Amino acid sequence: MSSTVYQDEVIILKVKDWQTADKYAVCFSRAHGKVPFIAYGARYARTTGGRLIQPFALLDVQLYSGKRLDSLKTCELIALPQQLDIKQMAYASVVAEVTEALTEEHQPQEDVYELLVSAVNLLVRNNPRLVALSALCKLLVLTGFAPVYEVCVNCGKEVTGNAFFSVVQGGLICEDCHGGEELLFDSGARKMLEELLVLDFNDPQPFTVRGGDLMQLEQILYRFIVYQIDKPLKSLSFLAQLEIGRASCRERV
């Protein structure tokens, strides 16, 4: 029996060499969710797959459905790929790796697909650090992993001033409940989180943030994500090597 062929729009999240002449890729598709697949012969530059199966490419693909892994039949370019510099590529890689870790295979989530496409487009035009952080905030909501940040997870009390964050409990801890081991999560960082959650990627309005709030929110979200997926993020190590994780005094979207 021949394999089923299906067609979809995809954004490529990850690519690596596979055996002698092939590529292994993970994409996120509009109608089929996350899909890992093999592109046979794609390591030869003359093949269509060799030219187009690249990180963050936006493609129209036909895939054979397989028992263990799907495989590429054909692919066409939907739009010319974004020209990302190394900093933009690093932040895009963080978003891609977290997306791969938080989503299930072949579970349709068109809103995640739209988020990824718009995030990569915006990374080129705006502050990639803030765009990536906003994309992660939105992604946690869409995948059902969003932390609690409006009320204390212990007592349920609404918190308006400075507070703390528990990675293990997944949310805000008020001053009365904290035990001294939680991360500081002050009102400025929470306000920034709210702004990033509603940031319109199609028409982003400029806003300015304090470097301290940015670093605090990054620390909280990255530690929370690593705890949820139970493994380190390789892309964060890449960021550290580039030494672009340090905040300036003020950053603007």
# chains A, B, ... in the order shown; residues from 1 in each chain; ligands from 1
$ residues_around --residues "range 223-237 of chain A" --least-positions-apart "6" --cutoff "9 Å" --atoms "only C-alpha atoms" --output "list in words"
Ala90, Tyr91, Ser93, Val94, Val95, Glu97, Val98, Ala101, Leu102, Leu140, Phe145, Pro147, Ser166, Val167, Val168, Gly170 and Gly245 of chain A
$ residues_around --residues "Ala92 in chain A" --least-positions-apart "4" --cutoff "12 Å" --atoms "only C-alpha atoms" --output "ChimeraX atom specification"
/A:11-14,55-57,82-88,96-99,116-124,127-136,235-236,238-239
$ residues_around --residues "Glu194 in chain A" --least-positions-apart "3" --cutoff "12 Å" --atoms "only C-alpha atoms" --output "JSON, numbers by chain"
{"A": [133, 134, 137, 138, 148, 149, 150, 187, 188, 189, 190, 191, 197, 198, 199, 217]}
$ residues_around --residues "Lys157 in chain A" --least-positions-apart "3" --cutoff "10 Å" --atoms "only C-alpha atoms" --output "PyMOL selection string"
chain A and resi 150-154+160+172-174+176
$ select_by_dssp --residues "range 3-124 of chain A" --states "alpha helix (DSSP H)" --output "PyMOL selection string"
chain A and resi 48-52+86-102+110-124
$ decode --residues "range 218-229 of chain A" --atoms "N, CA and C atoms" --output "mmCIF file, in the first residue's frame"
data_model
loop_
_atom_site.group_PDB
_atom_site.id
_atom_site.type_symbol
_atom_site.label_atom_id
_atom_site.label_comp_id
_atom_site.auth_asym_id
_atom_site.auth_seq_id
_atom_site.Cartn_x
_atom_site.Cartn_y
_atom_site.Cartn_z
ATOM 1 N N GLU A 218 13.293 37.673 31.657
ATOM 2 C CA GLU A 218 13.994 36.615 30.929
ATOM 3 C C GLU A 218 14.405 35.488 31.869
ATOM 4 N N GLN A 219 14.976 35.829 32.999
ATOM 5 C CA GLN A 219 15.410 34.813 33.949
ATOM 6 C C GLN A 219 14.235 33.942 34.381
ATOM 7 N N ILE A 220 13.112 34.575 34.676
ATOM 8 C CA ILE A 220 11.934 33.827 35.126
ATOM 9 C C ILE A 220 11.420 32.909 34.025
ATOM 10 N N LEU A 221 11.221 33.450 32.830
ATOM 11 C CA LEU A 221 10.629 32.654 31.761
ATOM 12 C C LEU A 221 11.545 31.531 31.302
ATOM 13 N N TYR A 222 12.833 31.810 31.173
ATOM 14 C CA TYR A 222 13.743 30.767 30.719
ATOM 15 C C TYR A 222 13.860 29.646 31.748
ATOM 16 N N ARG A 223 13.940 29.994 33.014
ATOM 17 C CA ARG A 223 13.998 28.955 34.040
ATOM 18 C C ARG A 223 12.697 28.163 34.103
ATOM 19 N N PHE A 224 11.589 28.851 33.938
ATOM 20 C CA PHE A 224 10.293 28.179 33.953
ATOM 21 C C PHE A 224 10.169 27.215 32.781
ATOM 22 N N ILE A 225 10.584 27.648 31.595
ATOM 23 C CA ILE A 225 10.504 26.793 30.408
ATOM 24 C C ILE A 225 11.403 25.573 30.559
ATOM 25 N N VAL A 226 12.635 25.789 31.026
ATOM 26 C CA VAL A 226 13.553 24.670 31.211
ATOM 27 C C VAL A 226 12.996 23.667 32.216
ATOM 28 N N TYR A 227 12.349 24.174 33.254
ATOM 29 C CA TYR A 227 11.731 23.270 34.237
ATOM 30 C C TYR A 227 10.595 22.475 33.595
ATOM 31 N N GLN A 228 9.801 23.119 32.759
ATOM 32 C CA GLN A 228 8.663 22.448 32.123
ATOM 33 C C GLN A 228 9.111 21.366 31.154
ATOM 34 N N ILE A 229 10.164 21.629 30.388
ATOM 35 C CA ILE A 229 10.586 20.649 29.376
ATOM 36 C C ILE A 229 11.623 19.673 29.928
#
